[in-house]
file start_20.cif (mmCIF, C-alpha atoms)
data_my_file
#
loop_
_atom_site.group_PDB
_atom_site.id
_atom_site.type_symbol
_atom_site.label_atom_id
_atom_site.label_comp_id
_atom_site.auth_asym_id
_atom_site.auth_seq_id
_atom_site.Cartn_x
_atom_site.Cartn_y
_atom_site.Cartn_z
ATOM 1 C CA MET A 1272 -4.017 -25.903 28.371
ATOM 2 C CA ASN A 1273 -3.438 -25.395 24.655
ATOM 3 C CA SER A 1274 -5.272 -22.564 22.982
ATOM 4 C CA PRO A 1275 -8.019 -23.626 20.577
ATOM 5 C CA GLU A 1276 -7.336 -23.729 16.882
ATOM 6 C CA PRO A 1277 -8.738 -20.824 14.818
ATOM 7 C CA ARG A 1278 -11.366 -23.094 13.253
ATOM 8 C CA GLN A 1279 -12.717 -23.737 16.772
ATOM 9 C CA GLN A 1280 -13.513 -20.049 17.294
ATOM 10 C CA PRO A 1281 -16.495 -19.298 15.009
ATOM 11 C CA ALA A 1282 -17.944 -16.685 17.375
ATOM 12 C CA LEU A 1283 -14.706 -14.715 17.241
ATOM 13 C CA GLY A 1284 -14.694 -15.058 13.460
ATOM 14 C CA VAL A 1285 -18.183 -13.551 13.260
ATOM 15 C CA LEU A 1286 -17.105 -10.626 15.440
ATOM 16 C CA LEU A 1287 -14.075 -10.044 13.222
ATOM 17 C CA VAL A 1288 -16.231 -9.867 10.073
ATOM 18 C CA VAL A 1289 -18.714 -7.554 11.764
ATOM 19 C CA GLY A 1290 -15.774 -5.362 12.786
ATOM 20 C CA SER A 1291 -14.616 -5.253 9.174
ATOM 21 C CA CYS A 1292 -18.111 -4.418 7.899
ATOM 22 C CA LEU A 1293 -18.304 -1.582 10.421
ATOM 23 C CA SER A 1294 -14.821 -0.276 9.662
ATOM 24 C CA LEU A 1295 -15.197 -0.101 5.873
ATOM 25 C CA PRO A 1296 -18.253 2.184 5.577
ATOM 26 C CA PHE A 1297 -17.143 4.389 8.454
ATOM 27 C CA GLY A 1298 -13.829 4.775 6.640
ATOM 28 C CA ALA A 1299 -15.747 5.782 3.523
ATOM 29 C CA ALA A 1300 -17.850 8.189 5.568
ATOM 30 C CA VAL A 1301 -14.712 9.834 6.970
ATOM 31 C CA ALA A 1302 -13.302 10.000 3.430
ATOM 32 C CA THR A 1303 -16.282 12.029 2.206
ATOM 33 C CA THR A 1304 -15.510 14.730 4.778
ATOM 34 C CA ILE A 1305 -12.211 15.523 3.014
ATOM 35 C CA PHE A 1306 -13.545 15.280 -0.549
ATOM 36 C CA PRO A 1307 -13.949 19.097 -0.654
ATOM 37 C CA ALA A 1308 -10.238 19.526 0.149
ATOM 38 C CA LEU A 1309 -8.711 16.703 -1.911
ATOM 39 C CA GLY A 1310 -11.418 15.521 -4.314
ATOM 40 C CA SER A 1311 -12.731 11.961 -4.385
ATOM 41 C CA TRP A 1312 -9.927 10.726 -6.656
ATOM 42 C CA GLY A 1313 -7.314 12.530 -4.564
ATOM 43 C CA VAL A 1314 -8.575 10.832 -1.410
ATOM 44 C CA THR A 1315 -8.537 7.498 -3.237
ATOM 45 C CA GLY A 1316 -4.950 7.987 -4.375
ATOM 46 C CA LEU A 1317 -3.716 9.059 -0.944
ATOM 47 C CA ARG A 1318 -5.570 6.277 0.846
ATOM 48 C CA VAL A 1319 -4.268 3.563 -1.480
ATOM 49 C CA LEU A 1320 -0.738 4.982 -1.226
ATOM 50 C CA ILE A 1321 -0.827 4.830 2.581
ATOM 51 C CA ALA A 1322 -2.319 1.321 2.525
ATOM 52 C CA ALA A 1323 0.309 0.160 0.011
ATOM 53 C CA VAL A 1324 3.153 1.350 2.233
ATOM 54 C CA VAL A 1325 1.681 -0.312 5.333
ATOM 55 C CA VAL A 1326 0.944 -3.645 3.631
ATOM 56 C CA TRP A 1327 4.346 -3.665 1.867
ATOM 57 C CA ILE A 1328 6.083 -3.230 5.224
ATOM 58 C CA ILE A 1329 4.013 -6.066 6.696
ATOM 59 C CA ALA A 1330 4.381 -8.449 3.734
ATOM 60 C CA ARG A 1331 7.989 -7.672 2.720
ATOM 61 C CA PRO A 1332 7.528 -9.467 -0.620
ATOM 62 C CA ARG A 1333 10.414 -11.346 -2.189
ATOM 63 C CA LEU A 1334 9.937 -10.883 -5.901
ATOM 64 C CA GLY A 1335 13.161 -12.256 -7.325
ATOM 65 C CA ARG A 1336 11.616 -15.586 -8.307
ATOM 66 C CA TRP A 1337 8.297 -14.314 -9.600
ATOM 67 C CA ASN A 1338 7.326 -15.498 -13.081
ATOM 68 C CA ARG A 1339 5.386 -13.735 -15.806
ATOM 69 C CA ALA A 1340 2.027 -15.213 -14.765
ATOM 70 C CA GLN A 1341 2.446 -13.941 -11.216
ATOM 71 C CA TRP A 1342 3.392 -10.445 -12.344
ATOM 72 C CA THR A 1343 0.526 -10.306 -14.849
ATOM 73 C CA ALA A 1344 -2.030 -11.371 -12.249
ATOM 74 C CA ALA A 1345 -0.719 -8.928 -9.635
ATOM 75 C CA VAL A 1346 -0.670 -6.013 -12.094
ATOM 76 C CA LEU A 1347 -4.249 -6.707 -13.244
ATOM 77 C CA PHE A 1348 -5.282 -7.047 -9.603
ATOM 78 C CA GLY A 1349 -3.760 -3.620 -8.969
ATOM 79 C CA VAL A 1350 -5.636 -2.149 -11.935
ATOM 80 C CA SER A 1351 -8.902 -3.481 -10.521
ATOM 81 C CA ILE A 1352 -8.141 -2.061 -7.053
ATOM 82 C CA ALA A 1353 -7.369 1.395 -8.458
ATOM 83 C CA ALA A 1354 -10.399 1.537 -10.746
ATOM 84 C CA MET A 1355 -12.868 0.022 -8.275
ATOM 85 C CA ASN A 1356 -11.858 2.270 -5.400
ATOM 86 C CA GLY A 1357 -11.679 5.382 -7.555
ATOM 87 C CA THR A 1358 -15.114 4.955 -9.105
ATOM 88 C CA TYR A 1359 -16.657 3.937 -5.760
ATOM 89 C CA TYR A 1360 -15.362 7.100 -4.080
ATOM 90 C CA ALA A 1361 -16.575 9.127 -7.065
ATOM 91 C CA ALA A 1362 -19.995 7.539 -6.472
ATOM 92 C CA ILE A 1363 -20.202 8.295 -2.743
ATOM 93 C CA ASP A 1364 -19.171 11.859 -3.514
ATOM 94 C CA ARG A 1365 -22.511 12.152 -5.312
ATOM 95 C CA ILE A 1366 -24.942 9.672 -3.702
ATOM 96 C CA PRO A 1367 -25.424 8.345 -0.136
ATOM 97 C CA LEU A 1368 -23.344 5.433 1.133
ATOM 98 C CA GLY A 1369 -26.178 2.893 1.429
ATOM 99 C CA PRO A 1370 -27.423 3.085 -2.165
ATOM 100 C CA ALA A 1371 -23.843 3.250 -3.482
ATOM 101 C CA VAL A 1372 -22.841 0.005 -1.752
ATOM 102 C CA ALA A 1373 -26.119 -1.646 -2.758
ATOM 103 C CA ILE A 1374 -25.543 -0.778 -6.422
ATOM 104 C CA GLU A 1375 -21.908 -1.877 -6.235
ATOM 105 C CA PHE A 1376 -23.003 -5.276 -4.900
ATOM 106 C CA LEU A 1377 -24.578 -5.992 -8.292
ATOM 107 C CA GLY A 1378 -21.075 -6.862 -9.511
ATOM 108 C CA PRO A 1379 -20.458 -9.923 -7.316
ATOM 109 C CA LEU A 1380 -24.118 -10.918 -7.538
ATOM 110 C CA VAL A 1381 -24.004 -11.068 -11.329
ATOM 111 C CA LEU A 1382 -20.645 -12.865 -11.199
ATOM 112 C CA ALA A 1383 -22.045 -15.468 -8.813
ATOM 113 C CA ALA A 1384 -24.959 -16.114 -11.143
ATOM 114 C CA LEU A 1385 -22.678 -16.426 -14.178
ATOM 115 C CA LEU A 1386 -20.276 -18.805 -12.422
ATOM 116 C CA THR A 1387 -22.762 -21.163 -10.826
ATOM 117 C CA ARG A 1388 -25.388 -21.256 -13.597
ATOM 118 C CA ARG A 1389 -28.031 -22.187 -11.031
ATOM 119 C CA LEU A 1390 -31.633 -21.069 -11.442
ATOM 120 C CA ALA A 1391 -31.748 -20.082 -7.779
ATOM 121 C CA ASP A 1392 -28.886 -17.625 -8.282
ATOM 122 C CA ALA A 1393 -30.644 -16.081 -11.266
ATOM 123 C CA ILE A 1394 -33.688 -15.594 -9.041
ATOM 124 C CA TRP A 1395 -31.546 -13.903 -6.365
ATOM 125 C CA VAL A 1396 -30.075 -11.576 -8.985
ATOM 126 C CA GLY A 1397 -33.629 -10.819 -10.116
ATOM 127 C CA ILE A 1398 -34.523 -9.853 -6.540
ATOM 128 C CA ALA A 1399 -31.491 -7.565 -6.422
ATOM 129 C CA LEU A 1400 -32.581 -5.972 -9.696
ATOM 130 C CA VAL A 1401 -35.996 -5.321 -8.168
ATOM 131 C CA GLY A 1402 -34.135 -3.539 -5.395
ATOM 132 C CA MET A 1403 -32.290 -1.468 -7.990
ATOM 133 C CA ALA A 1404 -35.608 -0.619 -9.628
ATOM 134 C CA LEU A 1405 -36.904 0.592 -6.261
ATOM 135 C CA LEU A 1406 -33.797 2.729 -5.899
ATOM 136 C CA GLY A 1407 -34.542 4.175 -9.328
ATOM 137 C CA VAL A 1408 -38.130 4.983 -8.344
ATOM 138 C CA ASP A 1409 -36.926 6.533 -5.098
ATOM 139 C CA GLY A 1410 -34.322 8.529 -6.980
ATOM 140 C CA LEU A 1411 -36.973 9.940 -9.308
ATOM 141 C CA THR A 1412 -39.762 10.521 -6.798
ATOM 142 C CA GLY A 1413 -38.025 10.874 -3.420
ATOM 143 C CA ALA A 1414 -37.142 14.100 -1.653
ATOM 144 C CA GLU A 1415 -33.463 13.570 -2.468
ATOM 145 C CA ALA A 1416 -33.013 12.298 -6.000
ATOM 146 C CA LEU A 1417 -29.987 10.107 -6.672
ATOM 147 C CA ASP A 1418 -27.427 11.854 -8.850
ATOM 148 C CA PRO A 1419 -27.250 9.992 -12.211
ATOM 149 C CA TRP A 1420 -23.457 10.350 -12.360
ATOM 150 C CA GLY A 1421 -23.183 8.872 -8.879
ATOM 151 C CA VAL A 1422 -25.287 5.896 -9.932
ATOM 152 C CA LEU A 1423 -23.165 5.471 -13.070
ATOM 153 C CA PHE A 1424 -19.920 5.517 -11.074
ATOM 154 C CA ALA A 1425 -21.369 2.929 -8.657
ATOM 155 C CA LEU A 1426 -22.282 0.693 -11.610
ATOM 156 C CA ILE A 1427 -18.759 1.058 -13.029
ATOM 157 C CA ALA A 1428 -17.376 0.151 -9.596
ATOM 158 C CA ALA A 1429 -19.609 -2.935 -9.644
ATOM 159 C CA GLY A 1430 -18.036 -3.982 -12.935
ATOM 160 C CA PHE A 1431 -14.531 -3.521 -11.619
ATOM 161 C CA TRP A 1432 -15.503 -5.471 -8.482
ATOM 162 C CA ILE A 1433 -16.035 -8.460 -10.778
ATOM 163 C CA MET A 1434 -12.503 -7.998 -12.105
ATOM 164 C CA TYR A 1435 -11.253 -7.562 -8.526
ATOM 165 C CA ILE A 1436 -12.775 -10.876 -7.409
ATOM 166 C CA ARG A 1437 -11.440 -12.776 -10.414
ATOM 167 C CA MET A 1438 -7.941 -11.354 -10.124
ATOM 168 C CA SER A 1439 -7.782 -11.720 -6.332
ATOM 169 C CA THR A 1440 -8.584 -15.397 -6.766
ATOM 170 C CA ARG A 1441 -5.887 -15.680 -9.427
ATOM 171 C CA VAL A 1442 -3.301 -13.887 -7.277
ATOM 172 C CA GLY A 1443 -4.217 -16.022 -4.274
ATOM 173 C CA ALA A 1444 -3.576 -19.164 -6.321
ATOM 174 C CA LEU A 1445 -0.251 -17.994 -7.755
ATOM 175 C CA THR A 1446 1.393 -16.261 -4.789
ATOM 176 C CA THR A 1447 1.942 -16.967 -1.110
ATOM 177 C CA GLY A 1448 0.938 -14.957 1.926
ATOM 178 C CA THR A 1449 0.219 -11.316 1.193
ATOM 179 C CA GLU A 1450 2.965 -10.776 -1.389
ATOM 180 C CA GLY A 1451 0.493 -10.531 -4.267
ATOM 181 C CA LEU A 1452 -1.652 -8.048 -2.396
ATOM 182 C CA ALA A 1453 1.372 -5.882 -1.573
ATOM 183 C CA VAL A 1454 2.407 -5.751 -5.242
ATOM 184 C CA ALA A 1455 -1.167 -5.090 -6.384
ATOM 185 C CA LEU A 1456 -1.545 -2.199 -3.933
ATOM 186 C CA ALA A 1457 1.780 -0.794 -5.122
ATOM 187 C CA VAL A 1458 0.546 -0.963 -8.735
ATOM 188 C CA ALA A 1459 -2.729 0.712 -7.739
ATOM 189 C CA ALA A 1460 -0.828 3.444 -5.900
ATOM 190 C CA VAL A 1461 1.330 4.115 -8.975
ATOM 191 C CA LEU A 1462 -1.727 4.297 -11.236
ATOM 192 C CA LEU A 1463 -3.342 6.786 -8.861
ATOM 193 C CA LEU A 1464 -0.205 8.936 -8.415
ATOM 194 C CA PRO A 1465 -1.547 11.750 -10.658
ATOM 195 C CA PHE A 1466 -4.298 12.158 -8.050
ATOM 196 C CA GLY A 1467 -2.429 10.972 -4.955
ATOM 197 C CA VAL A 1468 0.632 13.221 -5.209
ATOM 198 C CA PRO A 1469 -1.289 16.545 -5.375
ATOM 199 C CA ALA A 1470 -3.547 15.263 -2.582
ATOM 200 C CA ALA A 1471 -0.511 14.365 -0.468
ATOM 201 C CA VAL A 1472 1.011 17.821 -1.033
ATOM 202 C CA THR A 1473 -2.253 19.462 0.052
ATOM 203 C CA ALA A 1474 -2.685 17.138 3.030
ATOM 204 C CA VAL A 1475 0.859 17.751 4.311
ATOM 205 C CA GLY A 1476 0.032 21.438 4.593
ATOM 206 C CA ASP A 1477 -3.134 20.749 6.587
ATOM 207 C CA PRO A 1478 -2.657 18.481 9.648
ATOM 208 C CA ARG A 1479 -6.417 17.979 10.003
ATOM 209 C CA VAL A 1480 -6.818 16.739 6.430
ATOM 210 C CA LEU A 1481 -3.708 14.565 6.722
ATOM 211 C CA GLY A 1482 -5.021 13.007 9.924
ATOM 212 C CA LEU A 1483 -8.407 12.268 8.363
ATOM 213 C CA ALA A 1484 -6.701 10.785 5.282
ATOM 214 C CA ALA A 1485 -4.622 8.512 7.510
ATOM 215 C CA LEU A 1486 -7.772 7.552 9.445
ATOM 216 C CA THR A 1487 -9.503 6.738 6.148
ATOM 217 C CA ALA A 1488 -6.641 4.450 5.112
ATOM 218 C CA LEU A 1489 -6.737 2.796 8.539
ATOM 219 C CA LEU A 1490 -10.504 2.260 8.626
ATOM 220 C CA ALA A 1491 -11.059 1.455 4.950
ATOM 221 C CA SER A 1492 -7.950 -0.618 4.214
ATOM 222 C CA VAL A 1493 -5.609 -1.700 6.998
ATOM 223 C CA ILE A 1494 -8.118 -2.679 9.715
ATOM 224 C CA PRO A 1495 -10.529 -4.526 7.365
ATOM 225 C CA TYR A 1496 -7.617 -6.416 5.822
ATOM 226 C CA ILE A 1497 -6.311 -7.598 9.198
ATOM 227 C CA LEU A 1498 -9.783 -8.492 10.520
ATOM 228 C CA GLU A 1499 -10.900 -10.335 7.376
ATOM 229 C CA LEU A 1500 -7.668 -12.273 7.095
ATOM 230 C CA ALA A 1501 -8.092 -13.419 10.703
ATOM 231 C CA ALA A 1502 -11.787 -14.190 10.162
ATOM 232 C CA LEU A 1503 -11.109 -16.366 7.101
ATOM 233 C CA ARG A 1504 -8.916 -18.561 9.311
ATOM 234 C CA ARG A 1505 -11.854 -19.149 11.647
ATOM 235 C CA LEU A 1506 -14.897 -19.295 9.370
ATOM 236 C CA PRO A 1507 -15.861 -21.193 6.219
ATOM 237 C CA GLN A 1508 -15.785 -18.817 3.264
ATOM 238 C CA ARG A 1509 -19.510 -19.338 2.664
ATOM 239 C CA VAL A 1510 -20.324 -18.041 6.150
ATOM 240 C CA PHE A 1511 -17.815 -15.224 5.682
ATOM 241 C CA GLY A 1512 -19.550 -14.170 2.467
ATOM 242 C CA ILE A 1513 -22.992 -14.196 4.075
ATOM 243 C CA LEU A 1514 -21.775 -11.903 6.846
ATOM 244 C CA LEU A 1515 -20.049 -9.616 4.339
ATOM 245 C CA SER A 1516 -23.377 -9.280 2.524
ATOM 246 C CA LEU A 1517 -24.594 -7.098 5.397
ATOM 247 C CA GLU A 1518 -22.239 -4.315 4.322
ATOM 248 C CA PRO A 1519 -24.974 -2.177 2.654
ATOM 249 C CA VAL A 1520 -26.777 -2.089 6.006
ATOM 250 C CA PHE A 1521 -23.666 -0.920 7.834
ATOM 251 C CA ALA A 1522 -23.033 1.634 5.070
ATOM 252 C CA THR A 1523 -26.527 3.056 5.559
ATOM 253 C CA ILE A 1524 -25.918 3.299 9.318
ATOM 254 C CA ALA A 1525 -22.539 4.981 8.790
ATOM 255 C CA GLY A 1526 -24.063 7.468 6.373
ATOM 256 C CA LEU A 1527 -26.744 8.325 8.918
ATOM 257 C CA LEU A 1528 -24.469 8.631 11.971
ATOM 258 C CA VAL A 1529 -21.448 10.354 10.399
ATOM 259 C CA LEU A 1530 -22.941 12.304 7.512
ATOM 260 C CA GLY A 1531 -26.586 12.696 8.500
ATOM 261 C CA GLN A 1532 -27.733 10.934 5.318
ATOM 262 C CA GLN A 1533 -31.405 10.059 5.692
ATOM 263 C CA ALA A 1534 -32.969 7.034 3.975
ATOM 264 C CA SER A 1535 -36.591 6.867 2.855
ATOM 265 C CA PRO A 1536 -38.647 3.699 3.501
ATOM 266 C CA LEU A 1537 -38.461 2.872 -0.218
ATOM 267 C CA ARG A 1538 -34.666 3.232 -0.222
ATOM 268 C CA LEU A 1539 -34.396 1.036 2.877
ATOM 269 C CA ALA A 1540 -36.593 -1.597 1.215
ATOM 270 C CA ALA A 1541 -34.353 -1.537 -1.866
ATOM 271 C CA ILE A 1542 -31.220 -2.005 0.235
ATOM 272 C CA ALA A 1543 -32.915 -4.824 2.155
ATOM 273 C CA LEU A 1544 -33.658 -6.656 -1.112
ATOM 274 C CA VAL A 1545 -30.000 -6.394 -2.150
ATOM 275 C CA VAL A 1546 -28.888 -7.748 1.236
ATOM 276 C CA VAL A 1547 -31.336 -10.660 1.005
ATOM 277 C CA ALA A 1548 -30.162 -11.436 -2.540
ATOM 278 C CA SER A 1549 -26.510 -11.278 -1.465
ATOM 279 C CA ILE A 1550 -27.134 -13.671 1.407
ATOM 280 C CA GLY A 1551 -29.090 -16.007 -0.875
ATOM 281 C CA VAL A 1552 -26.359 -16.123 -3.514
ATOM 282 C CA THR A 1553 -23.594 -16.633 -0.965
ATOM 283 C CA ALA A 1554 -25.488 -19.338 0.914
ATOM 284 C CA GLY A 1555 -25.869 -21.293 -2.321
ATOM 285 C CA ALA A 1556 -22.339 -20.681 -3.575
ATOM 286 C CA ARG A 1557 -20.783 -23.783 -2.032
ATOM 287 C CA ARG A 1558 -20.094 -26.282 -4.774
ATOM 288 C CA ARG A 1559 -21.356 -29.790 -4.417
ATOM 289 C CA ARG A 1560 -18.236 -31.427 -5.800
ATOM 290 C CA GLY A 1561 -16.643 -32.864 -2.695
ATOM 291 C CA ALA A 1562 -16.296 -29.663 -0.705
ATOM 292 C CA GLY A 1563 -16.067 -30.610 2.922
ATOM 293 C CA PRO A 1564 -16.965 -28.204 5.729
ATOM 294 C CA ASP A 1565 -13.396 -26.884 5.888
ATOM 295 C CA GLU A 1566 -12.630 -27.184 2.171
ATOM 296 C CA GLU A 1567 -15.021 -24.739 0.605
ATOM 297 C CA PRO A 1568 -14.146 -23.074 -2.679
ATOM 298 C CA PRO A 1569 -13.887 -19.295 -2.811
ATOM 299 C CA SER A 1570 -17.208 -17.537 -2.409
ATOM 300 C CA PRO A 1571 -18.275 -15.514 -5.449
ATOM 301 C CA LEU A 1572 -18.700 -12.552 -3.107
ATOM 302 C CA THR A 1573 -15.291 -12.786 -1.493
ATOM 303 C CA GLY A 1574 -12.777 -14.490 -3.760
ATOM 304 C CA SER A 1575 -9.634 -15.677 -2.022
ATOM 305 C CA ILE A 1576 -8.402 -12.258 -0.930
ATOM 306 C CA SER A 1577 -11.161 -10.068 0.446
ATOM 307 C CA VAL A 1578 -9.527 -6.738 1.136
ATOM 308 C CA VAL A 1579 -9.860 -3.130 0.078
ATOM 309 C CA PRO A 1580 -13.217 -3.652 -1.696
ATOM 310 C CA ASP A 1581 -14.437 -0.159 -0.858
#
call {"tool": "encode", "arguments": {"input": "start_20.cif", "output": "C-alpha cells"}}
result
Amino acid sequence: MNSPEPRQQPALGVLLVVGSCLSLPFGAAVATTIFPALGSWGVTGLRVLIAAVVVWIIARPRLGRWNRAQWTAAVLFGVSIAAMNGTYYAAIDRIPLGPAVAIEFLGPLVLAALLTRRLADAIWVGIALVGMALLGVDGLTGAEALDPWGVLFALIAAGFWIMYIRMSTRVGALTTGTEGLAVALAVAAVLLLPFGVPAAVTAVGDPRVLGLAALTALLASVIPYILELAALRRLPQRVFGILLSLEPVFATIAGLLVLGQQASPLRLAAIALVVVASIGVTAGARRRRGAGPDEEPPSPLTGSISVVPD
C-alpha cells in the first residue's frame, strides 16, 4: 500500500506545529540560563552561528548563478534575523517569556492589518492593543513590574519581525529549497560575530555552557525549522498560522516550568487577548482571489519561510 501524501496527514501536521511551538520557547528558556555567562547578545551570536553551520551543511547552496536581486533579498533577510533575534533575547533577559512573545507578536499583527486593509483585522489589532494596555497596567501595579528596557527591546523585535516576514517571503519567491535561508543565516552569523566569537571562546572553556548553547541552537533553530518545514507540506498556511499563534501560551508555560516565572491573572488575560487577536487575524488572512484549499497565499504571520523567529 502506498503511503499517504503529506496533504493527507493534517493530524501529523498539527503535531509538528505544536512540537515547534514547544521547542522554540523552551529553547529561549534554556538560553536565559546562560545569559549570565555569555550575555544575551553573546548567546544570540553563538546560537545563530551554530544554526548557520547546520543549515548550510543541510542545504549546500549553489550560489554561482545567483543574481543581484537574490543576494539583496538574502542579505536583508539575514539582517532581519540578526536584529530580531538579538533584540528578542535582550528582551527576555529583562522580562518574562510570555509577555515578551506577546509584545513581539504585535509586529505580524500590525503587518497583517496593513496588508489586508480589512476592518476585521483592524479590530483584531485593537484587541491586541488592549492586551498590551493590560500588560502595561500589570507592569505598573503588579508584584513584578516589567522592565521598560525589556519592553522596548520586545517592541523593536516586533518591528524587525515585520522585516523578517517580508524578506522571508521575498527570499522564498527568488530562491529554491533552503538556499536562501542558509545564506541569510550566514549573513546573520557574520553580523553577530562581534558577540558570537567572544561567546564561543568562553563557551569552549566551559563544557556546561557550550552544551547549553548547543541545546539552545537545537531547540530554538534546528528543530523548529525541520518541524515547520514538514508541517507546511501537510497543512494549509492559514491553519499553520493559527496554530503558531499559540506560541505566547507555550512561552508562558516554558517560563513557568524552566525559569519559575509566575504570571498574574491580569498578565494571563493580556496574553490571552494577544493569542485571540493572532488567531483572528490569521483566520481571516486567506485572500478571496481564487485561492483554493491547497493554494493559499502566505499567511501574514508566517510568510513563506517560518523559521528562527525567536
call {"tool": "resolve_selection", "arguments": {"input": "start_20.cif", "expression": "the PyMOL selection byres ((chain A and resi 1287-1289) around 9)", "output": "PDB file with C-alpha atoms, in the coordinates of the input"}}
result
ATOM      1  CA  ALA A1282     -17.944 -16.685  17.375  1.00  0.00           C
ATOM      2  CA  LEU A1283     -14.706 -14.715  17.241  1.00  0.00           C
ATOM      3  CA  GLY A1284     -14.694 -15.058  13.460  1.00  0.00           C
ATOM      4  CA  VAL A1285     -18.183 -13.551  13.260  1.00  0.00           C
ATOM      5  CA  LEU A1286     -17.105 -10.626  15.440  1.00  0.00           C
ATOM      6  CA  GLY A1290     -15.774  -5.362  12.786  1.00  0.00           C
ATOM      7  CA  SER A1291     -14.616  -5.253   9.174  1.00  0.00           C
ATOM      8  CA  CYS A1292     -18.111  -4.418   7.899  1.00  0.00           C
ATOM      9  CA  LEU A1293     -18.304  -1.582  10.421  1.00  0.00           C
ATOM     10  CA  SER A1294     -14.821  -0.276   9.662  1.00  0.00           C
ATOM     11  CA  PRO A1495     -10.529  -4.526   7.365  1.00  0.00           C
ATOM     12  CA  LEU A1498      -9.783  -8.492  10.520  1.00  0.00           C
ATOM     13  CA  GLU A1499     -10.900 -10.335   7.376  1.00  0.00           C
ATOM     14  CA  ALA A1501      -8.092 -13.419  10.703  1.00  0.00           C
ATOM     15  CA  ALA A1502     -11.787 -14.190  10.162  1.00  0.00           C
ATOM     16  CA  LEU A1503     -11.109 -16.366   7.101  1.00  0.00           C
ATOM     17  CA  PHE A1511     -17.815 -15.224   5.682  1.00  0.00           C
ATOM     18  CA  LEU A1514     -21.775 -11.903   6.846  1.00  0.00           C
ATOM     19  CA  LEU A1515     -20.049  -9.616   4.339  1.00  0.00           C
ATOM     20  CA  LEU A1517     -24.594  -7.098   5.397  1.00  0.00           C
ATOM     21  CA  GLU A1518     -22.239  -4.315   4.322  1.00  0.00           C
TER      22      GLU A1518
END
call {"tool": "residues_around", "arguments": {"input": "start_20.cif", "residues": "A:Leu1309", "least_positions_apart": "4", "cutoff": "12 Å", "atoms": "all atoms listed in the file", "output": "list in words"}}
result
Ala1302, Thr1303, Thr1304, Ile1305, Gly1313, Val1314, Thr1315, Gly1316, Leu1317, Arg1318, Tyr1360, Asp1364, Phe1466, Gly1467, Val1468, Pro1469, Ala1470, Ala1471, Val1472, Thr1473, Ala1474, Val1475, Gly1476, Asp1477, Val1480, Leu1481, Leu1483 and Ala1484 of chain A
call {"tool": "closest_residue", "arguments": {"input": "start_20.cif", "among": "A:Leu1385, A:Val1546, A:Ile1436, A:Ala1353", "to": "A:Leu1320", "atoms": "only C-alpha atoms"}}
result
A:Ala1353
call {"tool": "atom_distance", "arguments": {"input": "start_20.cif", "atom1": "atom CA of A:Leu1423", "atom2": "atom CA of A:Ala1323"}}
result
27.4 Å
call {"tool": "closest_residue", "arguments": {"input": "start_20.cif", "among": "A:Ala1453, A:Ala1444, A:Val1326, A:Val1458", "to": "A:Ser1351", "atoms": "all atoms listed in the file"}}
result
A:Val1458
call {"tool": "resolve_selection", "arguments": {"input": "start_20.cif", "expression": "the PyMOL selection byres ((chain A and resi 1421) around 10)", "output": "VMD selection string"}}
result
chain A and resid 1358 to 1367 1370 to 1371 1417 to 1420 1422 to 1427
call {"tool": "closest_residue", "arguments": {"input": "start_20.cif", "among": "A:Pro1379, A:Gly1335, A:Gly1531, A:Gly1298", "to": "A:Glu1450", "atoms": "only C-alpha atoms"}}
result
A:Gly1335
call {"tool": "residues_around", "arguments": {"input": "start_20.cif", "residues": "A:Gly1378", "least_positions_apart": "6", "cutoff": "6 Å", "atoms": "all atoms listed in the file", "output": "PyMOL selection string"}}
result
chain A and resi 1429-1430+1432-1433
call {"tool": "atom_distance", "arguments": {"input": "start_20.cif", "atom1": "atom CA of A:Pro1307", "atom2": "atom CA of A:Pro1478"}}
result
15.3 Å
call {"tool": "resolve_selection", "arguments": {"input": "start_20.cif", "expression": "the PyMOL selection byres ((chain A and resi 1526-1530) around 9)", "output": "NGL selection string"}}
result
:A and (1296-1297 or 1299-1301 or 1303-1304 or 1367-1369 or 1521-1525 or 1531-1534)
call {"tool": "atom_distance", "arguments": {"input": "start_20.cif", "atom1": "atom CA of A:Ile1329", "atom2": "atom CA of A:Thr1449"}}
result
8.5 Å
call {"tool": "axis_aligned_box", "arguments": {"input": "start_20.cif", "around": "stretch 1315-1325 of chain A", "padding_each_side": "3 Å", "output": "lines of an AutoDock Vina configuration file"}}
result
center_x = -2.7
center_y = 4.4
center_z = 0.5
size_x = 17.7
size_y = 15.4
size_z = 15.7
